[in-house]
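Asks: Handing you a structure now.
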Amino acid sequence: MPEVSCPSEVLKVVFPLLNGADLAACMCVSKPWRQLAKDDYLWKRLCAQRWPSTCQSRGSLAIGESRGYHKLFTSFAQKRRSRPMPSPKLTFEDLEFYVDIWVGSLSVYSAAVHGPVVRSRVFNPPAGICESMQTHLQSQAYKMTVPVSSRFEVCFSEDIRVSLLVRRRDQERVACIIDKSGFDYVDGPGYRAHAYDYLQISPLYPFVSEIRAWVALLLVDGQSGQMEVFGIELDFTDAANNDNEVLCLLEILDWK
């Protein structure tokens with residue numbers, strides 16, 4: 001079948017009407033089309049629509065003139081491809097978590113917990129938990145949980161605070177995740193109490209900030225009328241939602 005060609009005069013009329021994606025596709029049709037579609041005049045029009053200032057100059061060449069409008073447009077207008085998270089150097093086997101909870105000045109809970117235990121969920125919750133807690137524990141949302149074997153009572157009219165440190169056993173260094181933060185938000189119907197703190201990121205990452213770590217007390221009604229804690233949950237909200245993301249986040253903490 002003979003190749004059907006389109007006169008260059010027609011292409012010169014059509015190409016200025018195209019968007020960037022269609023114009024780039026035309027460059028792949030043939031060498032003549034590529035030569036016409038690569039004309040910087042066409043790409044300058046697209047740059048002027050998207051970034052009008054790139055076509056302006058103040059005593060020097062406009063940025064598009066110096067770089068080339070085709071190169072400028074294709075460098076920044078293309079969609080970003082999602083890149084996989086790099087493999088962390090840490091493992092949960094390398095980590096040990098230190099949890100302390102106070103009521104006033106009295107320590108009511110203190111435990112050193114191996115990383116793989118924190119990574120797991122509470123699979124055998126106590127009898128008597130409410131329906132909303134059952135739904136929470138069965139959800140697919142990523143959480144890390146420390147089961148509390150010896151349950152303790154809490155009364156939220158008192159000042160209850162939590163600290164959480166993490167140790168790298170591979171380097172014998174320690175970082176702070178929660179620094180004696182109070183449980184200021186109590187979800188009564190959900191039987192959870194929440195405390196948070198902002199992560200202390202290493203100075204090597206000056207543009208990473210405002211990442212919060214949350215600790216939640218998982219509650220059940222106690223025999224004396226108070227609430228009892230049967231689990232402690234750790235969550236980094238949207239900053240880390242799987243094992244690899246958590247480990248990559250922990251790697252950039254300010255380790256001492």
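Following the order of the structure tokens, chains are lettered A, B, ..., residues in each are numbered from 1, and ligands are numbered from 1.
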Looking only at the backbone, which of the residues in stretch 92-256 of chain A does DSSP tag as alpha helix (DSSP H), as an NGL selection string?
Replies: :A and (115-119 or 131-138 or 243-251)
Asks: Name the residues of stretch 158-226 of chain A that fall into strand (DSSP E or B) according to DSSP on the backbone, using the chain letters and numbers of this document, as a PyMOL selection string.
Replies: chain A and resi 160-168+173-182+185-187+192-198+201+212-221
Asks: Can you spit out the residues from that selection as a JSON list (two decimals), in the first residue's frame, using C-alpha atoms?
Replies:
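The result, written out as again25.json:
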[["chain", "number", "residue", "atom", "x", "y", "z"],
["A", 160, "ILE", "CA", -1.32, 10.86, 81.21],
["A", 161, "ARG", "CA", 1.86, 11.09, 79.14],
["A", 162, "VAL", "CA", 3.91, 8.80, 76.92],
["A", 163, "SER", "CA", 7.52, 8.62, 75.71],
["A", 164, "LEU", "CA", 8.79, 6.42, 72.91],
["A", 165, "LEU", "CA", 12.45, 5.88, 72.05],
["A", 166, "VAL", "CA", 13.86, 3.56, 69.39],
["A", 167, "ARG", "CA", 17.28, 1.92, 69.41],
["A", 168, "ARG", "CA", 19.31, 0.77, 66.42],
["A", 173, "ARG", "CA", 22.30, 4.56, 68.54],
["A", 174, "VAL", "CA", 19.00, 5.92, 69.89],
["A", 175, "ALA", "CA", 16.36, 8.30, 68.49],
["A", 176, "CYS", "CA", 13.30, 9.90, 70.05],
["A", 177, "ILE", "CA", 9.86, 9.39, 68.47],
["A", 178, "ILE", "CA", 7.56, 10.70, 71.23],
["A", 179, "ASP", "CA", 8.87, 12.99, 73.97],
["A", 180, "LYS", "CA", 6.51, 12.74, 76.97],
["A", 181, "SER", "CA", 3.42, 13.89, 75.06],
["A", 182, "GLY", "CA", -0.01, 14.01, 76.66],
["A", 185, "TYR", "CA", -7.63, 13.53, 72.42],
["A", 186, "VAL", "CA", -9.81, 10.73, 73.78],
["A", 187, "ASP", "CA", -12.18, 8.97, 71.38],
["A", 192, "ARG", "CA", -8.89, 5.00, 71.95],
["A", 193, "ALA", "CA", -6.80, 7.84, 73.34],
["A", 194, "HIS", "CA", -4.27, 9.66, 71.17],
["A", 195, "ALA", "CA", -0.99, 11.49, 71.72],
["A", 196, "TYR", "CA", 1.40, 12.80, 69.10],
["A", 197, "ASP", "CA", 4.76, 14.48, 68.64],
["A", 198, "TYR", "CA", 6.74, 15.84, 65.70],
["A", 201, "ILE", "CA", 14.70, 14.57, 61.75],
["A", 212, "ARG", "CA", 3.91, 13.51, 63.22],
["A", 213, "ALA", "CA", 4.08, 10.22, 65.06],
["A", 214, "TRP", "CA", 0.89, 9.15, 66.84],
["A", 215, "VAL", "CA", 0.56, 6.81, 69.79],
["A", 216, "ALA", "CA", -2.88, 5.46, 70.69],
["A", 217, "LEU", "CA", -3.96, 3.57, 73.79],
["A", 218, "LEU", "CA", -6.35, 0.74, 72.91],
["A", 219, "LEU", "CA", -8.98, 0.54, 75.65],
["A", 220, "VAL", "CA", -11.50, -1.86, 77.11],
["A", 221, "ASP", "CA", -13.86, -1.45, 80.07]]
Asks: If we count only C-alpha atoms, what is near A:Leu46 at a cut-off of 12 Å, once residues fewer than 4 positions away on the same chain are taken out, given as number ranges by chain?
Replies: A: 15-24, 39-42, 50-52, 54-55, 64, 69-74, 77
Asks: List as a list in words the protein and nucleic acid residues near stretch 140-143 of chain A, meaning an atom at most 7 Å away when only C-alpha atoms are counted, but skip any in the same chain fewer than 5 places from it.
Replies: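 Result of the neighbour search: Glu233, Leu234, Asp235, Asn241 and Asn242 of chain A.
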Asks: Out of A:Ala239, A:Ala37, A:Val229, A:Ile63, which residue has the shortest atom-to-atom distance to A:Leu11 when counting only C-alpha atoms?
Replies: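 Using only C-alpha atoms, A:Leu11 sits closest to A:Ala37.
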Asks: Show me, as a ChimeraX atom specification, the residues that have an atom within 9 Å of A:Gly190 when counting only C-alpha atoms, minus same-chain residues fewer than 6 positions from it.
Replies: /A:130-133,136,218-219
Asks: Take the residues just selected and output them with all heavy atoms as a PDB file, in the first residue's frame.
Replies:
ATOM      1  N   CYS A 130     -15.355  -3.225  72.376  1.00  0.00           N
ATOM      2  CA  CYS A 130     -16.551  -2.726  71.705  1.00  0.00           C
ATOM      3  C   CYS A 130     -16.500  -3.028  70.210  1.00  0.00           C
ATOM      4  O   CYS A 130     -15.454  -3.388  69.659  1.00  0.00           O
ATOM      5  CB  CYS A 130     -16.699  -1.220  71.944  1.00  0.00           C
ATOM      6  SG  CYS A 130     -15.404  -0.238  71.165  1.00  0.00           S
ATOM      7  N   GLU A 131     -17.631  -2.846  69.552  1.00  0.00           N
ATOM      8  CA  GLU A 131     -17.722  -3.159  68.122  1.00  0.00           C
ATOM      9  C   GLU A 131     -16.808  -2.265  67.296  1.00  0.00           C
ATOM     10  O   GLU A 131     -16.198  -2.720  66.326  1.00  0.00           O
ATOM     11  CB  GLU A 131     -19.176  -3.009  67.657  1.00  0.00           C
ATOM     12  CG  GLU A 131     -19.395  -3.411  66.205  1.00  0.00           C
ATOM     13  CD  GLU A 131     -20.859  -3.340  65.806  1.00  0.00           C
ATOM     14  OE1 GLU A 131     -21.721  -3.258  66.695  1.00  0.00           O
ATOM     15  OE2 GLU A 131     -21.131  -3.354  64.579  1.00  0.00           O
ATOM     16  N   SER A 132     -16.730  -0.982  67.657  1.00  0.00           N
ATOM     17  CA  SER A 132     -15.873  -0.074  66.895  1.00  0.00           C
ATOM     18  C   SER A 132     -14.403  -0.467  67.020  1.00  0.00           C
ATOM     19  O   SER A 132     -13.634  -0.343  66.060  1.00  0.00           O
ATOM     20  CB  SER A 132     -16.074   1.375  67.350  1.00  0.00           C
ATOM     21  OG  SER A 132     -15.710   1.528  68.711  1.00  0.00           O
ATOM     22  N   MET A 133     -13.998  -0.995  68.191  1.00  0.00           N
ATOM     23  CA  MET A 133     -12.620  -1.455  68.356  1.00  0.00           C
ATOM     24  C   MET A 133     -12.383  -2.717  67.529  1.00  0.00           C
ATOM     25  O   MET A 133     -11.310  -2.872  66.910  1.00  0.00           O
ATOM     26  CB  MET A 133     -12.316  -1.723  69.829  1.00  0.00           C
ATOM     27  CG  MET A 133     -10.910  -2.267  70.088  1.00  0.00           C
ATOM     28  SD  MET A 133      -9.586  -1.173  69.513  1.00  0.00           S
ATOM     29  CE  MET A 133      -9.736   0.183  70.682  1.00  0.00           C
ATOM     30  N   HIS A 136     -11.884  -1.605  64.054  1.00  0.00           N
ATOM     31  CA  HIS A 136     -10.570  -0.959  63.917  1.00  0.00           C
ATOM     32  C   HIS A 136      -9.454  -1.996  63.806  1.00  0.00           C
ATOM     33  O   HIS A 136      -8.575  -1.893  62.952  1.00  0.00           O
ATOM     34  CB  HIS A 136     -10.322  -0.040  65.108  1.00  0.00           C
ATOM     35  CG  HIS A 136      -8.942   0.548  65.138  1.00  0.00           C
ATOM     36  ND1 HIS A 136      -8.531   1.521  64.251  1.00  0.00           N
ATOM     37  CD2 HIS A 136      -7.870   0.277  65.932  1.00  0.00           C
ATOM     38  CE1 HIS A 136      -7.273   1.836  64.502  1.00  0.00           C
ATOM     39  NE2 HIS A 136      -6.851   1.099  65.506  1.00  0.00           N
ATOM     40  N   LEU A 218      -5.182   1.544  73.250  1.00  0.00           N
ATOM     41  CA  LEU A 218      -6.355   0.742  72.906  1.00  0.00           C
ATOM     42  C   LEU A 218      -7.021   0.321  74.205  1.00  0.00           C
ATOM     43  O   LEU A 218      -6.387  -0.303  75.070  1.00  0.00           O
ATOM     44  CB  LEU A 218      -5.946  -0.472  72.072  1.00  0.00           C
ATOM     45  CG  LEU A 218      -5.128  -0.160  70.814  1.00  0.00           C
ATOM     46  CD1 LEU A 218      -4.826  -1.447  70.047  1.00  0.00           C
ATOM     47  CD2 LEU A 218      -5.826   0.844  69.922  1.00  0.00           C
ATOM     48  N   LEU A 219      -8.317   0.618  74.348  1.00  0.00           N
ATOM     49  CA  LEU A 219      -8.980   0.537  75.647  1.00  0.00           C
ATOM     50  C   LEU A 219     -10.113  -0.481  75.657  1.00  0.00           C
ATOM     51  O   LEU A 219     -10.729  -0.773  74.631  1.00  0.00           O
ATOM     52  CB  LEU A 219      -9.536   1.919  76.020  1.00  0.00           C
ATOM     53  CG  LEU A 219      -8.533   3.076  75.984  1.00  0.00           C
ATOM     54  CD1 LEU A 219      -9.257   4.407  76.114  1.00  0.00           C
ATOM     55  CD2 LEU A 219      -7.484   2.921  77.079  1.00  0.00           C
TER      56      LEU A 219
END
Asks: Extract, using only C-alpha atoms, all DNA, RNA and protein residues at most 10 Å from A:Phe123, discarding same-chain residues fewer than 3 positions from it, and format them as a PDB file with C-alpha atoms, in the first residue's frame.
Replies:
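Written out: part.pdb:
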ATOM      1  CA  SER A 120       2.710  -7.141  64.314  1.00  0.00           C
ATOM      2  CA  PRO A 126      -9.385  -9.397  75.114  1.00  0.00           C
ATOM      3  CA  LEU A 137      -8.437  -4.016  64.657  1.00  0.00           C
ATOM      4  CA  GLN A 138      -9.796  -5.868  61.622  1.00  0.00           C
ATOM      5  CA  THR A 145       0.941  -2.352  67.864  1.00  0.00           C
ATOM      6  CA  PRO A 147       0.282  -5.830  73.043  1.00  0.00           C
TER       7      PRO A 147
END
Asks: Considering only C-alpha atoms, can you say which of A:Lys89, A:Arg67, A:Arg151, A:Arg119 comes closest to A:Cys248?
Replies: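 Residue with the minimum atom-to-atom distance to A:Cys248: A:Lys89.
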Asks: When you look at A:Asp170 with a cut-off of 12 Å (counting only C-alpha atoms), what residues show up, excluding the ones that are within fewer than 4 positions of it in the same chain? I need them as a list in words.
Replies: Lys89, Leu90, Thr91, Phe92, Glu93, Asp94, Leu95, Glu96 and Val174 of chain A
Asks: Generate a file of the selected residues that holds C-alpha atoms, formatted as a CSV table (one decimal), in the first residue's frame.
Replies:
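Result went into selection16.csv, see below:
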chain,number,residue,atom,x,y,z
A,89,LYS,CA,18.9,-0.4,55.1
A,90,LEU,CA,17.2,-1.0,58.4
A,91,THR,CA,15.1,-4.0,59.4
A,92,PHE,CA,12.7,-4.5,62.2
A,93,GLU,CA,15.2,-7.0,63.6
A,94,ASP,CA,17.7,-4.1,64.1
A,95,LEU,CA,15.2,-2.1,66.2
A,96,GLU,CA,14.1,-2.1,69.8
A,174,VAL,CA,19.0,5.9,69.9
